[in-house]
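Undergrad: entry.txt is reproduced in full below (compact mmCIF, C-alpha atoms).
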```txt
# COMPACT_ATOMS: atom_id res chain seq x y z
CA MET L 1 82.66 -45.85 193.30
CA LYS L 2 80.06 -47.85 191.40
CA LYS L 3 82.25 -48.04 188.28
CA LEU L 4 85.21 -49.18 190.37
CA LYS L 5 83.14 -51.97 191.92
CA ARG L 6 81.93 -53.09 188.53
CA ILE L 7 85.44 -53.14 187.06
CA VAL L 8 86.88 -55.05 190.01
CA CYS L 9 84.06 -57.61 189.90
CA ILE L 10 84.46 -58.16 186.17
CA LEU L 11 88.23 -58.57 186.52
CA GLY L 12 87.69 -60.95 189.42
CA ALA L 13 85.21 -63.04 187.47
CA LEU L 14 87.51 -63.21 184.46
CA SER L 15 90.47 -64.19 186.61
CA LEU L 16 88.41 -66.92 188.29
CA VAL L 17 87.36 -68.33 184.93
CA GLY L 18 91.00 -68.29 183.84
CA ILE L 19 92.08 -70.00 187.04
CA TYR L 20 89.42 -72.70 186.67
CA VAL L 21 90.52 -73.36 183.10
CA CYS L 22 94.15 -73.52 184.21
CA THR L 23 93.23 -75.86 187.06
CA LEU L 24 91.48 -78.15 184.61
CA ILE L 25 94.46 -78.13 182.24
CA PHE L 26 96.96 -78.67 185.07
CA SER L 27 94.97 -81.59 186.42
CA PHE L 28 95.35 -83.48 183.13
CA THR L 29 99.03 -82.81 182.55
CA ASP L 30 101.65 -85.21 183.85
CA LYS L 31 104.69 -82.96 184.14
CA THR L 32 106.78 -82.50 187.26
CA GLN L 33 105.64 -78.90 187.86
CA ALA L 34 101.99 -79.67 187.19
CA LYS L 35 101.24 -80.57 190.80
CA SER L 36 102.58 -77.29 192.16
CA TRP L 37 100.73 -75.33 189.44
CA PHE L 38 97.56 -77.23 190.27
CA ASN L 39 97.94 -76.46 193.99
CA ALA L 40 98.63 -72.79 193.26
CA SER L 41 95.56 -72.47 191.06
CA LEU L 42 93.38 -74.17 193.68
CA TYR L 43 94.76 -71.79 196.31
CA ALA L 44 94.05 -68.81 194.07
CA SER L 45 90.52 -70.02 193.41
CA VAL L 46 89.88 -69.69 197.14
CA VAL L 47 91.84 -66.51 197.84
CA ILE L 48 90.53 -64.35 194.98
CA PRO L 49 86.84 -64.62 195.99
CA VAL L 50 87.79 -63.86 199.59
CA PHE L 51 89.59 -60.68 198.48
CA LEU L 52 86.66 -59.71 196.25
CA TYR L 53 84.25 -60.19 199.12
CA ALA L 54 86.45 -58.10 201.41
CA PHE L 55 86.64 -55.38 198.77
CA LEU L 56 82.86 -55.31 198.47
CA LEU L 57 82.44 -55.10 202.24
CA ILE L 58 84.89 -52.22 202.47
CA THR L 59 83.23 -50.29 199.65
CA LYS L 60 79.82 -50.85 201.24
CA GLN L 61 81.07 -49.38 204.52
CA LEU L 62 82.65 -46.44 202.72
CA ASP L 63 79.40 -45.76 200.85
CA ARG L 64 77.45 -45.77 204.12
CA ARG L 65 79.97 -43.43 205.72
CA THR L 66 79.78 -40.93 202.84
CA LYS L 67 75.97 -41.02 202.87
CA LYS L 68 75.93 -40.26 206.61
CA GLU L 69 78.35 -37.36 206.13
CA GLU L 70 76.20 -35.87 203.37
CA LYS L 71 73.12 -35.69 205.64
```
Give the structure from this file in structure tokens form.

TA:
Amino acid sequence: MKKLKRIVCILGALSLVGIYVCTLIFSFTDKTQAKSWFNASLYASVVIPVFLYAFLLITKQLDRRTKKEEK
């Protein structure tokens, strides 16, 4: 479970960095689709951390449950 958490957190951090870079690039472009891309990347920069936090909460509860069952 610890390896899974580590992998998910690394992937989440990399995706957030990518989204922030994309948001910066989209904010400077002046194309017609740039506004919708910018809004989508801002939305994703809020949603991805929420999902990562939820994943960590769920894995914490599962770890507690397995420790109680082992005793």

Undergrad: Pick out the residues sitting within 9 Å of stretch 33-47 of chain L, and hand them over as a PyMOL selection string; count all atoms listed in the file, and ignore anything fewer than 2 positions along from it in its own chain.

TA: chain L and resi 15-16+19-20+22-31+49-52

Undergrad: Which is closest to L:Leu14 among L:Leu56, L:Ile48, L:Met1, L:Leu62, if we use all atoms listed in the file?

TA: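 Of L:Leu56, L:Ile48, L:Met1, L:Leu62, the one nearest L:Leu14, counting all atoms listed in the file, is L:Ile48.
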
Undergrad: To one decimal place, how far is atom CA of L:Lys3 from atom CA of L:Glu69 in Å?

TA: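 Between atom CA of L:Lys3 and atom CA of L:Glu69 the gap is 21.2 Å.
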
Undergrad: Any idea what the distance is between atom CA of L:Lys67 and atom CA of L:Lys5?

TA: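 Result for atom CA of L:Lys67 versus atom CA of L:Lys5: 17.1 Å, one decimal.
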